[in-house]
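Dropping start-v5.cif in here (mmCIF, N, CA and C atoms):
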data_upload
loop_
_atom_site.label_atom_id
_atom_site.label_comp_id
_atom_site.auth_asym_id
_atom_site.auth_seq_id
_atom_site.Cartn_x
_atom_site.Cartn_y
_atom_site.Cartn_z
N MET I 1 11.04 41.25 35.31
CA MET I 1 10.04 40.24 35.06
C MET I 1 10.15 39.69 33.64
N LYS I 2 10.40 40.59 32.66
CA LYS I 2 10.53 40.14 31.28
C LYS I 2 11.76 39.26 31.10
N LYS I 3 12.84 39.58 31.84
CA LYS I 3 14.05 38.76 31.75
C LYS I 3 13.79 37.36 32.29
N LEU I 4 13.07 37.27 33.38
CA LEU I 4 12.77 35.97 33.97
C LEU I 4 11.92 35.12 33.03
N ILE I 5 10.92 35.72 32.41
CA ILE I 5 10.08 34.99 31.46
C ILE I 5 10.90 34.56 30.25
N SER I 6 11.79 35.43 29.78
CA SER I 6 12.65 35.08 28.64
C SER I 6 13.58 33.92 28.98
N ILE I 7 14.14 33.93 30.16
CA ILE I 7 15.04 32.86 30.58
C ILE I 7 14.28 31.54 30.69
N ILE I 8 13.11 31.57 31.30
CA ILE I 8 12.31 30.35 31.45
C ILE I 8 11.89 29.82 30.08
N LEU I 9 11.45 30.70 29.20
CA LEU I 9 11.06 30.30 27.86
C LEU I 9 12.24 29.70 27.10
N GLY I 10 13.40 30.30 27.23
CA GLY I 10 14.60 29.77 26.58
C GLY I 10 14.97 28.38 27.10
N LEU I 11 14.86 28.17 28.40
CA LEU I 11 15.15 26.85 28.97
C LEU I 11 14.16 25.79 28.48
N VAL I 12 12.89 26.16 28.45
CA VAL I 12 11.87 25.21 27.97
C VAL I 12 12.12 24.85 26.51
N MET I 13 12.46 25.84 25.70
CA MET I 13 12.73 25.58 24.28
C MET I 13 13.96 24.70 24.11
N SER I 14 15.03 24.94 24.88
CA SER I 14 16.22 24.10 24.74
C SER I 14 15.96 22.68 25.18
N ILE I 15 15.19 22.50 26.24
CA ILE I 15 14.88 21.14 26.70
C ILE I 15 14.04 20.42 25.66
N SER I 16 13.08 21.11 25.05
CA SER I 16 12.25 20.45 24.05
C SER I 16 13.06 20.10 22.81
N CYS I 17 14.00 20.96 22.41
CA CYS I 17 14.86 20.64 21.26
C CYS I 17 15.75 19.45 21.56
N LEU I 18 16.29 19.38 22.76
CA LEU I 18 17.14 18.25 23.12
C LEU I 18 16.35 16.95 23.16
N SER I 19 15.12 17.00 23.63
CA SER I 19 14.31 15.78 23.66
C SER I 19 13.95 15.33 22.26
N MET I 20 13.74 16.27 21.32
CA MET I 20 13.47 15.88 19.94
C MET I 20 14.68 15.22 19.32
N VAL I 21 15.86 15.76 19.55
CA VAL I 21 17.08 15.19 18.99
C VAL I 21 17.32 13.81 19.59
N ALA I 22 17.11 13.64 20.86
CA ALA I 22 17.31 12.34 21.50
C ALA I 22 16.30 11.32 20.98
N GLY I 23 15.08 11.75 20.72
CA GLY I 23 14.07 10.83 20.18
C GLY I 23 14.38 10.41 18.77
N CYS I 24 14.93 11.29 17.96
CA CYS I 24 15.26 10.94 16.58
C CYS I 24 16.49 10.06 16.50
N ALA I 25 17.39 10.18 17.44
CA ALA I 25 18.62 9.40 17.40
C ALA I 25 18.41 7.96 17.84
N GLY I 26 17.24 7.63 18.36
CA GLY I 26 17.01 6.30 18.90
C GLY I 26 16.64 5.23 17.90
N ASN I 27 16.46 5.54 16.60
CA ASN I 27 16.01 4.52 15.67
C ASN I 27 17.15 3.67 15.10
N ASN I 28 18.39 4.11 15.17
CA ASN I 28 19.58 3.34 14.77
C ASN I 28 19.46 2.69 13.40
N GLY I 29 18.91 3.36 12.41
CA GLY I 29 18.85 2.84 11.06
C GLY I 29 17.75 1.82 10.84
N ASN I 30 16.85 1.64 11.78
CA ASN I 30 15.78 0.66 11.64
C ASN I 30 14.50 1.30 11.11
N GLU I 31 14.63 2.35 10.34
CA GLU I 31 13.44 3.03 9.85
C GLU I 31 12.82 2.25 8.70
N GLU I 32 11.52 2.38 8.59
CA GLU I 32 10.78 1.66 7.57
C GLU I 32 11.02 2.30 6.21
N THR I 33 10.93 1.50 5.15
CA THR I 33 11.13 2.02 3.80
C THR I 33 9.81 2.25 3.09
N THR I 34 8.68 1.84 3.70
CA THR I 34 7.37 2.05 3.09
C THR I 34 6.44 2.74 4.06
N VAL I 35 5.39 3.35 3.50
CA VAL I 35 4.38 4.04 4.28
C VAL I 35 3.02 3.52 3.81
N THR I 36 2.11 3.26 4.75
CA THR I 36 0.76 2.85 4.40
C THR I 36 -0.14 4.07 4.38
N VAL I 37 -0.80 4.29 3.24
CA VAL I 37 -1.68 5.45 3.06
C VAL I 37 -3.11 4.95 2.99
N THR I 38 -4.00 5.58 3.76
CA THR I 38 -5.42 5.23 3.75
C THR I 38 -6.20 6.39 3.17
N ASP I 39 -7.05 6.13 2.16
CA ASP I 39 -7.82 7.20 1.54
C ASP I 39 -9.19 7.35 2.21
N MET I 40 -10.05 8.19 1.63
CA MET I 40 -11.34 8.50 2.25
C MET I 40 -12.31 7.34 2.25
N VAL I 41 -12.15 6.36 1.36
CA VAL I 41 -13.04 5.20 1.34
C VAL I 41 -12.41 4.00 2.03
N ASN I 42 -11.39 4.27 2.84
CA ASN I 42 -10.71 3.28 3.67
C ASN I 42 -9.91 2.24 2.88
N THR I 43 -9.46 2.60 1.70
CA THR I 43 -8.58 1.74 0.93
C THR I 43 -7.15 2.03 1.35
N GLN I 44 -6.40 0.99 1.66
CA GLN I 44 -5.01 1.16 2.09
C GLN I 44 -4.06 0.75 0.98
N VAL I 45 -3.06 1.59 0.77
CA VAL I 45 -2.03 1.34 -0.24
C VAL I 45 -0.68 1.53 0.42
N GLU I 46 0.25 0.66 0.12
CA GLU I 46 1.60 0.77 0.66
C GLU I 46 2.52 1.33 -0.43
N VAL I 47 3.20 2.43 -0.13
CA VAL I 47 4.08 3.09 -1.09
C VAL I 47 5.46 3.27 -0.50
N LYS I 48 6.46 3.44 -1.38
CA LYS I 48 7.82 3.70 -0.90
C LYS I 48 7.86 5.04 -0.20
N LYS I 49 8.76 5.16 0.78
CA LYS I 49 8.79 6.34 1.65
C LYS I 49 9.23 7.61 0.92
N ASN I 50 10.24 7.57 0.10
CA ASN I 50 10.71 8.75 -0.62
C ASN I 50 10.71 8.46 -2.12
N PRO I 51 9.54 8.59 -2.78
CA PRO I 51 9.46 8.25 -4.20
C PRO I 51 10.29 9.22 -5.05
N GLN I 52 10.81 8.70 -6.15
CA GLN I 52 11.59 9.54 -7.06
C GLN I 52 10.70 10.32 -8.02
N LYS I 53 9.53 9.75 -8.36
CA LYS I 53 8.59 10.41 -9.27
C LYS I 53 7.17 10.25 -8.76
N VAL I 54 6.35 11.29 -8.93
CA VAL I 54 4.95 11.25 -8.52
C VAL I 54 4.08 11.85 -9.63
N ALA I 55 2.81 11.49 -9.62
CA ALA I 55 1.82 12.07 -10.54
C ALA I 55 0.81 12.83 -9.71
N CYS I 56 0.48 14.03 -10.11
CA CYS I 56 -0.47 14.87 -9.38
C CYS I 56 -1.85 14.71 -10.01
N VAL I 57 -2.85 14.42 -9.18
CA VAL I 57 -4.21 14.25 -9.68
C VAL I 57 -5.05 15.50 -9.50
N SER I 58 -4.52 16.52 -8.87
CA SER I 58 -5.25 17.78 -8.75
C SER I 58 -4.27 18.95 -8.83
N ARG I 59 -4.79 20.08 -9.18
CA ARG I 59 -3.96 21.28 -9.29
C ARG I 59 -3.41 21.68 -7.92
N THR I 60 -4.16 21.40 -6.86
CA THR I 60 -3.73 21.76 -5.52
C THR I 60 -2.46 21.00 -5.13
N THR I 61 -2.43 19.70 -5.39
CA THR I 61 -1.23 18.93 -5.05
C THR I 61 -0.05 19.37 -5.90
N TYR I 62 -0.31 19.69 -7.15
CA TYR I 62 0.75 20.20 -8.03
C TYR I 62 1.34 21.48 -7.47
N ASP I 63 0.46 22.41 -7.09
CA ASP I 63 0.92 23.69 -6.54
C ASP I 63 1.68 23.51 -5.23
N LEU I 64 1.21 22.58 -4.38
CA LEU I 64 1.90 22.33 -3.11
C LEU I 64 3.30 21.75 -3.34
N LEU I 65 3.43 20.82 -4.26
CA LEU I 65 4.75 20.25 -4.53
C LEU I 65 5.70 21.32 -5.07
N ILE I 66 5.20 22.18 -5.94
CA ILE I 66 6.02 23.28 -6.44
C ILE I 66 6.43 24.20 -5.29
N ALA I 67 5.48 24.52 -4.40
CA ALA I 67 5.76 25.42 -3.28
C ALA I 67 6.79 24.82 -2.32
N PHE I 68 6.77 23.49 -2.16
CA PHE I 68 7.74 22.84 -1.27
C PHE I 68 9.07 22.58 -1.95
N GLY I 69 9.22 23.01 -3.20
CA GLY I 69 10.48 22.83 -3.92
C GLY I 69 10.67 21.43 -4.46
N LEU I 70 9.58 20.71 -4.68
CA LEU I 70 9.67 19.33 -5.18
C LEU I 70 9.19 19.21 -6.62
N GLY I 71 9.32 20.25 -7.39
CA GLY I 71 8.86 20.23 -8.77
C GLY I 71 9.59 19.24 -9.64
N ASP I 72 10.81 18.89 -9.26
CA ASP I 72 11.59 17.94 -10.07
C ASP I 72 11.11 16.49 -9.92
N VAL I 73 10.29 16.18 -8.93
CA VAL I 73 9.79 14.82 -8.77
C VAL I 73 8.45 14.61 -9.47
N ILE I 74 7.84 15.68 -10.00
CA ILE I 74 6.55 15.55 -10.68
C ILE I 74 6.78 14.94 -12.05
N ASP I 75 6.14 13.77 -12.27
CA ASP I 75 6.29 13.08 -13.54
C ASP I 75 5.09 13.28 -14.44
N GLY I 76 3.95 13.57 -13.86
CA GLY I 76 2.74 13.78 -14.64
C GLY I 76 1.73 14.56 -13.84
N ALA I 77 0.78 15.18 -14.56
CA ALA I 77 -0.25 15.96 -13.89
C ALA I 77 -1.54 15.84 -14.67
N TYR I 78 -2.65 15.71 -13.94
CA TYR I 78 -3.97 15.66 -14.55
C TYR I 78 -4.48 17.09 -14.66
N TYR I 79 -4.98 17.46 -15.83
CA TYR I 79 -5.38 18.85 -16.02
C TYR I 79 -6.76 19.14 -15.53
#

Would you mind writing the file's structure down as structure tokens?
Amino acid sequence: MKKLISIILGLVMSISCLSMVAGCAGNNGNEETTVTVTDMVNTQVEVKKNPQKVACVSRTTYDLLIAFGLGDVIDGAYY
């Protein structure tokens, strides 16, 4: 019974991985270069998708960027 469940789970996981890869391959270089960000007061700002430098306005965002290995993109931090 455990073998059957393992086989079924493995098949489901492989099918889901294949569908993710097929979905990502469908954009053919037509990806957007900007992202629209909406804050808590419903103000929308359009920013570049992969910025080279960022400023952190809270210690939490600073710590998260460091944890994700993005410490080299931090240009400034508010204390």

Given the PyMOL selection byres (((chain I and resi 55 and name CA) around 8) and name CA), the residues it picks as an MDAnalysis selection string: chainID I and resid 53:54 56:57 74:78

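Reported to one decimal place, the separation of atom N of Lys49 of chain I from atom C of Leu65 of chain I is 17.5 Å.
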
Interatomic distance (Å, one decimal) between atom CA of Tyr62 of chain I and atom CA of Asn50 of chain I: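 Those two atoms sit 16.9 Å apart.
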
Pairwise distance for atom CA of Thr36 of chain I and atom CA of Thr60 of chain I, rounded to one decimal in Å: 21.8 Å

As a PDB file with N, CA and C atoms, keeping the file's coordinate frame, list the residues of segment 24-67 of chain I assigned to strand (DSSP E or B) by DSSP on the backbone atoms of this structure.
ATOM      1  N   THR I  34       8.680   1.840   3.700  1.00  0.00           N
ATOM      2  CA  THR I  34       7.370   2.050   3.090  1.00  0.00           C
ATOM      3  C   THR I  34       6.440   2.740   4.060  1.00  0.00           C
ATOM      4  N   VAL I  35       5.390   3.350   3.500  1.00  0.00           N
ATOM      5  CA  VAL I  35       4.380   4.040   4.280  1.00  0.00           C
ATOM      6  C   VAL I  35       3.020   3.520   3.810  1.00  0.00           C
ATOM      7  N   THR I  36       2.110   3.260   4.750  1.00  0.00           N
ATOM      8  CA  THR I  36       0.760   2.850   4.400  1.00  0.00           C
ATOM      9  C   THR I  36      -0.140   4.070   4.380  1.00  0.00           C
ATOM     10  N   VAL I  37      -0.800   4.290   3.240  1.00  0.00           N
ATOM     11  CA  VAL I  37      -1.680   5.450   3.060  1.00  0.00           C
ATOM     12  C   VAL I  37      -3.110   4.950   2.990  1.00  0.00           C
ATOM     13  N   THR I  38      -4.000   5.580   3.760  1.00  0.00           N
ATOM     14  CA  THR I  38      -5.420   5.230   3.750  1.00  0.00           C
ATOM     15  C   THR I  38      -6.200   6.390   3.170  1.00  0.00           C
ATOM     16  N   GLN I  44      -6.400   0.990   1.660  1.00  0.00           N
ATOM     17  CA  GLN I  44      -5.010   1.160   2.090  1.00  0.00           C
ATOM     18  C   GLN I  44      -4.060   0.750   0.980  1.00  0.00           C
ATOM     19  N   VAL I  45      -3.060   1.590   0.770  1.00  0.00           N
ATOM     20  CA  VAL I  45      -2.030   1.340  -0.240  1.00  0.00           C
ATOM     21  C   VAL I  45      -0.680   1.530   0.420  1.00  0.00           C
ATOM     22  N   GLU I  46       0.250   0.660   0.120  1.00  0.00           N
ATOM     23  CA  GLU I  46       1.600   0.770   0.660  1.00  0.00           C
ATOM     24  C   GLU I  46       2.520   1.330  -0.430  1.00  0.00           C
ATOM     25  N   VAL I  47       3.200   2.430  -0.130  1.00  0.00           N
ATOM     26  CA  VAL I  47       4.080   3.090  -1.090  1.00  0.00           C
ATOM     27  C   VAL I  47       5.460   3.270  -0.500  1.00  0.00           C
ATOM     28  N   LYS I  48       6.460   3.440  -1.380  1.00  0.00           N
ATOM     29  CA  LYS I  48       7.820   3.700  -0.900  1.00  0.00           C
ATOM     30  C   LYS I  48       7.860   5.040  -0.200  1.00  0.00           C
ATOM     31  N   VAL I  54       6.350  11.290  -8.930  1.00  0.00           N
ATOM     32  CA  VAL I  54       4.950  11.250  -8.520  1.00  0.00           C
ATOM     33  C   VAL I  54       4.080  11.850  -9.630  1.00  0.00           C
ATOM     34  N   ALA I  55       2.810  11.490  -9.620  1.00  0.00           N
ATOM     35  CA  ALA I  55       1.820  12.070 -10.540  1.00  0.00           C
ATOM     36  C   ALA I  55       0.810  12.830  -9.710  1.00  0.00           C
ATOM     37  N   CYS I  56       0.480  14.030 -10.110  1.00  0.00           N
ATOM     38  CA  CYS I  56      -0.470  14.870  -9.380  1.00  0.00           C
ATOM     39  C   CYS I  56      -1.850  14.710 -10.010  1.00  0.00           C
TER      40      CYS I  56
END

Residues near Glu46 of chain I, cut-off 8 Å, all atoms listed in the file, skip fewer than 4 positions along chain, as a list in words: Thr34, Val35, Thr36, Val37 and Thr38 of chain I
